[in-house]
Amino acid sequence: MHLHGVVNKLLRALSLGLGLEENEVREALGGEELIYLLKINYYPPCPRPDLALGVVAHTDMSGITILVPNDVQGLQVFRDGHWYDVEYIPNALIIHIGDQLEVVSNGKYKAVLHRSTVNKEKTRISWPVFVEPPEDKEVGPHPKLVTNENPAKYNTKTYQEYKHRKLNKLLNNLKLPYISKTINNL
Ligand SMILES: O=C(O)CCC(=O)C(=O)O
Ligand SMILES: [Fe+2]
């Protein structure tokens, strides 16, 4: 499949960029078991785009994400204290570094913080493909990138455990346990 070729090429370049052999990042993320998860985001027009977001600020949990949007601008990325619009370029793919690649690279590559806005008149659609490890894959900083001078910055854990903890953290931040406790007490 064409997308597999693009992803393999990207992962090879990202691996060489860390000073590793070209196959090592892909292997660290699951190799032949890599999962390609397509999600479709549908954002209908919103009368008050100044008051709403399509997707709140987050980093993707994946290794990398390949995203194709329609021609309605809406994606923003955060850098140096500012949100920047990601310009729509016809036929271009948008590539996000996700949490798992940040972990494998021991922090050399940073997962990109991003969000999406909504449009007053037009429907926006985006098709991200999350390229991620299988759930039972243990992901941690690549051993070749961990030294005495540069110790591991992340714990090694299965992808399933990682997702579980991140989602729990998000729910706690939203104070959902309090809400669900309140509802249970009604
Ligand atoms: O719609 C977009 O451009 C971004 C969507 C997104 O960040 C996501 O689905 O993880
Ligand atoms: Fe995302």
# chains A, B, ... in the order shown; residues from 1 in each chain; ligands from 1
call {"tool": "residues_near_ligand", "arguments": {"ligand": "ligand 1", "cutoff": "6 Å", "atoms": "only C-alpha atoms and all ligand atoms", "output": "PyMOL selection string"}}
result
chain A and resi 41+60+75+115-116+126
call {"tool": "residues_near_ligand", "arguments": {"ligand": "ligand 2", "cutoff": "9 Å", "atoms": "only C-alpha atoms and all ligand atoms", "output": "VMD selection string"}}
result
chain A and resid 55 to 61 65 67 96 98 112 to 116 128 130
call {"tool": "write_last_selection", "arguments": {"atoms": "all heavy atoms", "output": "compact mmCIF listing (two decimals), in the first residue's frame"}}
result
# COMPACT_ATOMS: atom_id res chain seq x y z
N VAL A 55 -11.11 20.22 18.21
CA VAL A 55 -10.40 19.29 19.09
C VAL A 55 -9.53 20.13 20.02
O VAL A 55 -8.82 21.03 19.55
CB VAL A 55 -9.50 18.31 18.27
CG1 VAL A 55 -8.71 17.40 19.19
CG2 VAL A 55 -10.34 17.46 17.31
N VAL A 56 -9.59 19.86 21.33
CA VAL A 56 -8.80 20.65 22.27
C VAL A 56 -7.31 20.31 22.12
O VAL A 56 -6.95 19.28 21.54
CB VAL A 56 -9.24 20.42 23.74
CG1 VAL A 56 -10.67 20.88 23.96
CG2 VAL A 56 -9.05 18.96 24.15
N ALA A 57 -6.48 21.18 22.69
CA ALA A 57 -5.03 21.01 22.57
C ALA A 57 -4.59 19.64 23.11
O ALA A 57 -4.99 19.24 24.19
CB ALA A 57 -4.32 22.12 23.34
N HIS A 58 -3.77 18.94 22.33
CA HIS A 58 -3.28 17.62 22.75
C HIS A 58 -2.06 17.25 21.91
O HIS A 58 -1.80 17.86 20.87
CB HIS A 58 -4.37 16.56 22.55
CG HIS A 58 -4.70 16.33 21.11
ND1 HIS A 58 -5.48 17.20 20.39
CD2 HIS A 58 -4.32 15.36 20.24
CE1 HIS A 58 -5.57 16.78 19.14
NE2 HIS A 58 -4.87 15.66 19.01
N THR A 59 -1.36 16.23 22.36
CA THR A 59 -0.38 15.57 21.51
C THR A 59 -0.95 14.20 21.18
O THR A 59 -1.70 13.63 21.98
CB THR A 59 0.98 15.40 22.22
OG1 THR A 59 0.78 14.67 23.44
CG2 THR A 59 1.62 16.74 22.55
N ASP A 60 -0.64 13.68 19.99
CA ASP A 60 -1.15 12.35 19.63
C ASP A 60 -0.35 11.28 20.38
O ASP A 60 0.84 11.43 20.61
CB ASP A 60 -1.02 12.13 18.11
CG ASP A 60 -1.93 13.06 17.31
OD1 ASP A 60 -2.86 13.63 17.91
OD2 ASP A 60 -1.70 13.19 16.10
N MET A 61 -1.02 10.20 20.73
CA MET A 61 -0.33 9.12 21.46
C MET A 61 0.50 8.23 20.54
O MET A 61 1.34 7.46 20.98
CB MET A 61 -1.36 8.27 22.22
CG MET A 61 -2.00 9.03 23.35
SD MET A 61 -2.94 7.97 24.46
CE MET A 61 -4.51 8.00 23.65
N THR A 65 1.73 10.54 13.10
CA THR A 65 0.38 10.65 12.52
C THR A 65 0.51 11.28 11.15
O THR A 65 1.24 12.26 10.99
CB THR A 65 -0.52 11.53 13.42
OG1 THR A 65 -0.52 11.00 14.75
CG2 THR A 65 -1.95 11.56 12.89
N LEU A 67 -1.72 13.13 8.42
CA LEU A 67 -3.04 13.75 8.39
C LEU A 67 -3.32 14.42 7.04
O LEU A 67 -2.48 15.12 6.50
CB LEU A 67 -3.11 14.78 9.52
CG LEU A 67 -4.46 15.46 9.73
CD1 LEU A 67 -4.82 15.47 11.20
CD2 LEU A 67 -4.47 16.87 9.21
N HIS A 96 2.60 14.52 12.10
CA HIS A 96 2.82 14.86 13.50
C HIS A 96 3.77 13.85 14.12
O HIS A 96 3.63 12.65 13.89
CB HIS A 96 1.52 14.74 14.32
CG HIS A 96 0.49 15.74 13.98
ND1 HIS A 96 -0.84 15.56 14.31
CD2 HIS A 96 0.57 16.93 13.38
CE1 HIS A 96 -1.52 16.62 13.90
NE2 HIS A 96 -0.70 17.45 13.33
N GLY A 98 4.32 11.93 17.38
CA GLY A 98 3.46 11.57 18.51
C GLY A 98 4.26 11.18 19.74
O GLY A 98 5.50 11.11 19.71
N VAL A 112 4.16 17.01 18.92
CA VAL A 112 3.69 18.36 18.63
C VAL A 112 2.32 18.60 19.29
O VAL A 112 1.39 17.80 19.15
CB VAL A 112 3.63 18.61 17.11
CG1 VAL A 112 2.69 17.65 16.39
CG2 VAL A 112 3.19 20.06 16.81
N LEU A 113 2.24 19.71 20.05
CA LEU A 113 0.96 20.09 20.67
C LEU A 113 0.12 20.79 19.59
O LEU A 113 0.59 21.72 18.94
CB LEU A 113 1.23 21.05 21.84
CG LEU A 113 0.03 21.43 22.69
CD1 LEU A 113 -0.51 20.22 23.45
CD2 LEU A 113 0.40 22.53 23.69
N HIS A 114 -1.10 20.30 19.39
CA HIS A 114 -1.93 20.87 18.32
C HIS A 114 -3.40 20.87 18.74
O HIS A 114 -3.78 20.19 19.70
CB HIS A 114 -1.71 20.11 17.01
CG HIS A 114 -2.01 18.64 17.10
ND1 HIS A 114 -1.14 17.75 17.68
CD2 HIS A 114 -3.07 17.92 16.69
CE1 HIS A 114 -1.66 16.54 17.62
NE2 HIS A 114 -2.85 16.61 17.03
N ARG A 115 -4.20 21.61 17.99
CA ARG A 115 -5.65 21.67 18.24
C ARG A 115 -6.32 22.04 16.92
O ARG A 115 -5.62 22.39 15.95
CB ARG A 115 -5.96 22.71 19.31
CG ARG A 115 -5.70 24.13 18.86
CD ARG A 115 -5.97 25.15 19.97
NE ARG A 115 -5.83 26.51 19.47
CZ ARG A 115 -5.91 27.60 20.21
NH1 ARG A 115 -6.11 27.50 21.50
NH2 ARG A 115 -5.79 28.79 19.66
N SER A 116 -7.63 21.93 16.87
CA SER A 116 -8.29 22.37 15.63
C SER A 116 -9.42 23.32 15.97
O SER A 116 -10.12 23.16 16.98
CB SER A 116 -8.78 21.18 14.81
OG SER A 116 -9.73 20.46 15.53
N PRO A 128 -6.92 11.75 9.91
CA PRO A 128 -5.61 11.36 10.42
C PRO A 128 -5.46 9.83 10.43
O PRO A 128 -6.42 9.12 10.73
CB PRO A 128 -5.60 11.90 11.86
CG PRO A 128 -7.03 12.05 12.24
CD PRO A 128 -7.85 12.14 10.98
N PHE A 130 -3.24 7.27 12.51
CA PHE A 130 -2.31 7.15 13.63
C PHE A 130 -1.48 5.89 13.42
O PHE A 130 -2.03 4.79 13.33
CB PHE A 130 -3.07 7.08 14.96
CG PHE A 130 -3.94 8.28 15.20
CD1 PHE A 130 -5.30 8.25 14.93
CD2 PHE A 130 -3.39 9.46 15.68
CE1 PHE A 130 -6.10 9.37 15.13
CE2 PHE A 130 -4.18 10.59 15.88
CZ PHE A 130 -5.53 10.54 15.62
call {"tool": "select_by_dssp", "arguments": {"residues": "region 52-140 of chain A", "states": "strand (DSSP E or B)", "output": "JSON, numbers by chain"}}
result
{"A": [55, 56, 57, 58, 64, 65, 66, 67, 68, 69, 75, 76, 77, 78, 79, 82, 83, 84, 85, 94, 95, 96, 97, 114, 115, 116, 124, 125, 126, 127, 128, 129, 130, 131, 132, 138, 139]}
call {"tool": "residues_around", "arguments": {"residues": "Pro134 (chain A)", "least_positions_apart": "3", "cutoff": "12 Å", "atoms": "only C-alpha atoms", "output": "PyMOL selection string"}}
result
chain A and resi 27-37+62-63+100+130-131+137-139+158-163
call {"tool": "closest_residue", "arguments": {"among": "A:Val72, A:Ile125, A:Val104, A:Leu167", "to": "Lys153 (chain A)", "atoms": "only C-alpha atoms"}}
result
A:Val104
call {"tool": "atom_distance", "arguments": {"atom1": "CA of Phe78 (chain A)", "atom2": "CA of Leu20 (chain A)"}}
result
28.0 Å
call {"tool": "residues_around", "arguments": {"residues": "region 43-48 of chain A", "least_positions_apart": "5", "cutoff": "7 Å", "atoms": "only C-alpha atoms", "output": "PyMOL selection string"}}
result
chain A and resi 54+118-125
call {"tool": "write_last_selection", "arguments": {"atoms": "N, CA and C atoms", "output": "PDB file, in the first residue's frame"}}
result
ATOM      1  N   GLY A  54     -12.612  22.576  17.696  1.00  0.00           N
ATOM      2  CA  GLY A  54     -12.972  21.272  17.139  1.00  0.00           C
ATOM      3  C   GLY A  54     -12.404  20.171  18.011  1.00  0.00           C
ATOM      4  N   VAL A 118     -12.887  25.645  14.474  1.00  0.00           N
ATOM      5  CA  VAL A 118     -14.032  25.392  13.592  1.00  0.00           C
ATOM      6  C   VAL A 118     -14.312  26.639  12.768  1.00  0.00           C
ATOM      7  N   ASN A 119     -15.085  26.463  11.706  1.00  0.00           N
ATOM      8  CA  ASN A 119     -15.332  27.535  10.744  1.00  0.00           C
ATOM      9  C   ASN A 119     -16.792  27.958  10.791  1.00  0.00           C
ATOM     10  N   LYS A 120     -17.026  29.246  10.573  1.00  0.00           N
ATOM     11  CA  LYS A 120     -18.391  29.778  10.682  1.00  0.00           C
ATOM     12  C   LYS A 120     -19.318  29.247   9.580  1.00  0.00           C
ATOM     13  N   GLU A 121     -18.778  29.144   8.352  1.00  0.00           N
ATOM     14  CA  GLU A 121     -19.640  28.750   7.212  1.00  0.00           C
ATOM     15  C   GLU A 121     -19.406  27.350   6.675  1.00  0.00           C
ATOM     16  N   LYS A 122     -18.169  26.894   6.802  1.00  0.00           N
ATOM     17  CA  LYS A 122     -17.824  25.669   6.070  1.00  0.00           C
ATOM     18  C   LYS A 122     -17.608  24.475   6.992  1.00  0.00           C
ATOM     19  N   THR A 123     -17.916  23.304   6.437  1.00  0.00           N
ATOM     20  CA  THR A 123     -17.647  22.065   7.161  1.00  0.00           C
ATOM     21  C   THR A 123     -16.182  21.685   6.956  1.00  0.00           C
ATOM     22  N   ARG A 124     -15.525  21.363   8.048  1.00  0.00           N
ATOM     23  CA  ARG A 124     -14.137  20.913   7.935  1.00  0.00           C
ATOM     24  C   ARG A 124     -14.091  19.417   8.205  1.00  0.00           C
ATOM     25  N   ILE A 125     -13.269  18.723   7.431  1.00  0.00           N
ATOM     26  CA  ILE A 125     -13.089  17.277   7.658  1.00  0.00           C
ATOM     27  C   ILE A 125     -11.589  17.004   7.652  1.00  0.00           C
TER      28      ILE A 125
END
call {"tool": "closest_residue", "arguments": {"among": "A:Gly107, A:Pro69, A:Gly74, A:Gly19", "to": "Ile89 (chain A)", "atoms": "only C-alpha atoms"}}
result
A:Pro69
call {"tool": "closest_residue", "arguments": {"among": "A:Asp80, A:Glu21, A:Asp50, A:Glu102", "to": "Pro141 (chain A)", "atoms": "only C-alpha atoms"}}
result
A:Glu102
